[in-house]
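First up is the structure itself, then whatever we jot down about it.
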Amino acid sequence: MQTDQVLSHLKKHGQLLDLEIASATGIALAQVRKSLADLATRGEISQCTVTHFKGDKRIEGIQCRISGYVPPVAPGRKAGPAKSDASN
C-alpha cells in the first residue's frame, strides 16, 4: 500500500529525495526507503545516492524519479548556435 502511495507521489511531484517523500506523505523514512528499493527492483523508478551539505552537516539520501521520464523543457530562451551577421 505504501509503495503505491510513494509511486503516485513521485508521479505527481517528479524527482525527489527520500527525505522529501517521507515528510510529504507522512510515511516513516525506513518504510519509504524500503518502498523505493522495491520500486527500483521492479524497474518503475530510477534512483541514486546523493550527499548534500548544509553548513557542516552531511545529509545522505536517495534521489529518485519515475523511470524513463524526461522532464519538459523549461520556458524561456534556449542556448543555441550563435547567429552570425551575414552583412559582409
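A note on labels: chains of the C-alpha cells are A, B, ... as shown, every chain counts residues from 1, and ligands are counted from 1 in their shown order.
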
Where in chain A does DSSP assign strand (DSSP E or B), given as a ChimeraX atom specification?
/A:16-17,45-54,57-66

Quick one: write out the picked residues with N, CA and C atoms as a PDB file, in the first residue's frame?
ATOM      1  N   LEU A  16      12.520  13.548  -6.551  1.00  0.00           N
ATOM      2  CA  LEU A  16      12.537  13.920  -5.140  1.00  0.00           C
ATOM      3  C   LEU A  16      13.551  13.094  -4.370  1.00  0.00           C
ATOM      4  N   LEU A  17      13.922  13.619  -3.206  1.00  0.00           N
ATOM      5  CA  LEU A  17      14.736  12.867  -2.248  1.00  0.00           C
ATOM      6  C   LEU A  17      13.835  12.025  -1.373  1.00  0.00           C
ATOM      7  N   ILE A  45      11.216   2.935 -11.051  1.00  0.00           N
ATOM      8  CA  ILE A  45      11.893   4.197 -10.759  1.00  0.00           C
ATOM      9  C   ILE A  45      13.390   4.059 -11.015  1.00  0.00           C
ATOM     10  N   SER A  46      14.038   5.189 -11.179  1.00  0.00           N
ATOM     11  CA  SER A  46      15.497   5.263 -11.221  1.00  0.00           C
ATOM     12  C   SER A  46      15.924   5.955  -9.944  1.00  0.00           C
ATOM     13  N   GLN A  47      17.004   5.496  -9.346  1.00  0.00           N
ATOM     14  CA  GLN A  47      17.440   6.123  -8.103  1.00  0.00           C
ATOM     15  C   GLN A  47      18.956   6.173  -8.033  1.00  0.00           C
ATOM     16  N   CYS A  48      19.462   7.123  -7.250  1.00  0.00           N
ATOM     17  CA  CYS A  48      20.886   7.213  -6.999  1.00  0.00           C
ATOM     18  C   CYS A  48      21.092   7.775  -5.596  1.00  0.00           C
ATOM     19  N   THR A  49      22.241   7.513  -5.048  1.00  0.00           N
ATOM     20  CA  THR A  49      22.590   8.014  -3.727  1.00  0.00           C
ATOM     21  C   THR A  49      23.238   9.381  -3.872  1.00  0.00           C
ATOM     22  N   VAL A  50      22.795  10.339  -3.057  1.00  0.00           N
ATOM     23  CA  VAL A  50      23.334  11.696  -3.109  1.00  0.00           C
ATOM     24  C   VAL A  50      23.756  12.135  -1.716  1.00  0.00           C
ATOM     25  N   THR A  51      24.697  13.068  -1.677  1.00  0.00           N
ATOM     26  CA  THR A  51      25.148  13.650  -0.421  1.00  0.00           C
ATOM     27  C   THR A  51      25.049  15.163  -0.539  1.00  0.00           C
ATOM     28  N   HIS A  52      24.341  15.788   0.404  1.00  0.00           N
ATOM     29  CA  HIS A  52      24.206  17.241   0.464  1.00  0.00           C
ATOM     30  C   HIS A  52      24.884  17.730   1.726  1.00  0.00           C
ATOM     31  N   PHE A  53      25.337  18.957   1.704  1.00  0.00           N
ATOM     32  CA  PHE A  53      25.906  19.575   2.888  1.00  0.00           C
ATOM     33  C   PHE A  53      25.136  20.839   3.201  1.00  0.00           C
ATOM     34  N   LYS A  54      24.682  20.968   4.444  1.00  0.00           N
ATOM     35  CA  LYS A  54      24.078  22.199   4.944  1.00  0.00           C
ATOM     36  C   LYS A  54      24.992  22.695   6.043  1.00  0.00           C
ATOM     37  N   LYS A  57      26.900  20.105   8.265  1.00  0.00           N
ATOM     38  CA  LYS A  57      26.095  18.891   8.414  1.00  0.00           C
ATOM     39  C   LYS A  57      26.004  18.144   7.091  1.00  0.00           C
ATOM     40  N   ARG A  58      26.354  16.863   7.121  1.00  0.00           N
ATOM     41  CA  ARG A  58      26.326  16.000   5.937  1.00  0.00           C
ATOM     42  C   ARG A  58      24.988  15.260   5.923  1.00  0.00           C
ATOM     43  N   ILE A  59      24.272  15.344   4.802  1.00  0.00           N
ATOM     44  CA  ILE A  59      22.977  14.691   4.660  1.00  0.00           C
ATOM     45  C   ILE A  59      23.059  13.737   3.478  1.00  0.00           C
ATOM     46  N   GLU A  60      22.882  12.455   3.745  1.00  0.00           N
ATOM     47  CA  GLU A  60      22.885  11.445   2.684  1.00  0.00           C
ATOM     48  C   GLU A  60      21.461  10.983   2.440  1.00  0.00           C
ATOM     49  N   GLY A  61      21.123  10.786   1.183  1.00  0.00           N
ATOM     50  CA  GLY A  61      19.776  10.353   0.848  1.00  0.00           C
ATOM     51  C   GLY A  61      19.742   9.649  -0.489  1.00  0.00           C
ATOM     52  N   ILE A  62      18.536   9.308  -0.886  1.00  0.00           N
ATOM     53  CA  ILE A  62      18.305   8.648  -2.165  1.00  0.00           C
ATOM     54  C   ILE A  62      17.454   9.585  -3.013  1.00  0.00           C
ATOM     55  N   GLN A  63      17.950   9.920  -4.183  1.00  0.00           N
ATOM     56  CA  GLN A  63      17.190  10.747  -5.100  1.00  0.00           C
ATOM     57  C   GLN A  63      16.580   9.828  -6.140  1.00  0.00           C
ATOM     58  N   CYS A  64      15.308  10.020  -6.435  1.00  0.00           N
ATOM     59  CA  CYS A  64      14.647   9.104  -7.355  1.00  0.00           C
ATOM     60  C   CYS A  64      13.639   9.835  -8.227  1.00  0.00           C
ATOM     61  N   ARG A  65      13.295   9.187  -9.329  1.00  0.00           N
ATOM     62  CA  ARG A  65      12.274   9.678 -10.244  1.00  0.00           C
ATOM     63  C   ARG A  65      11.702   8.489 -10.995  1.00  0.00           C
ATOM     64  N   ILE A  66      10.618   8.730 -11.686  1.00  0.00           N
ATOM     65  CA  ILE A  66       9.976   7.685 -12.465  1.00  0.00           C
ATOM     66  C   ILE A  66      10.906   7.278 -13.613  1.00  0.00           C
TER      67      ILE A  66
END

Residue list (helix (DSSP H, G or I), DSSP) for chain A, as a PyMOL selection string
chain A and resi 2-13+18-25+29-42

Using C-alpha atoms, can you write the selected residues to a file as a short mmCIF file (atom, residue, chain, number, x, y, z; two decimals), in the first residue's frame?
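Written out: selection-v6.cif:
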data_model
loop_
_atom_site.label_atom_id
_atom_site.label_comp_id
_atom_site.auth_asym_id
_atom_site.auth_seq_id
_atom_site.Cartn_x
_atom_site.Cartn_y
_atom_site.Cartn_z
CA GLN A 2 2.75 2.47 0.89
CA THR A 3 4.66 1.56 -2.25
CA ASP A 4 1.68 2.72 -4.32
CA GLN A 5 1.50 5.95 -2.31
CA VAL A 6 5.21 6.61 -2.85
CA LEU A 7 4.91 5.92 -6.58
CA SER A 8 1.90 8.20 -7.01
CA HIS A 9 3.70 10.97 -5.08
CA LEU A 10 6.69 10.67 -7.42
CA LYS A 11 4.42 10.76 -10.47
CA LYS A 12 2.79 13.93 -9.19
CA HIS A 13 5.89 15.79 -7.98
CA ASP A 18 13.61 10.09 0.06
CA LEU A 19 13.52 12.63 2.91
CA GLU A 20 11.13 14.84 0.94
CA ILE A 21 8.83 11.92 0.16
CA ALA A 22 8.78 10.84 3.81
CA SER A 23 7.92 14.30 5.10
CA ALA A 24 5.26 14.95 2.44
CA THR A 25 3.48 11.61 2.76
CA LEU A 29 11.82 7.17 6.27
CA ALA A 30 12.74 3.49 6.69
CA GLN A 31 9.47 2.44 5.05
CA VAL A 32 9.95 4.96 2.20
CA ARG A 33 13.43 3.54 1.54
CA LYS A 34 12.03 0.01 1.54
CA SER A 35 9.32 1.06 -0.94
CA LEU A 36 11.90 2.79 -3.15
CA ALA A 37 14.06 -0.35 -3.18
CA ASP A 38 11.02 -2.41 -4.20
CA LEU A 39 10.11 0.06 -6.97
CA ALA A 40 13.70 0.12 -8.24
CA THR A 41 13.80 -3.69 -8.31
CA ARG A 42 10.61 -3.69 -10.41
#

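For the choices A:Gly55, A:Gly14, A:Ile27, A:Glu44, the atom-to-atom distance to Gly68 of chain A is smallest for A:Glu44 when using only C-alpha atoms.
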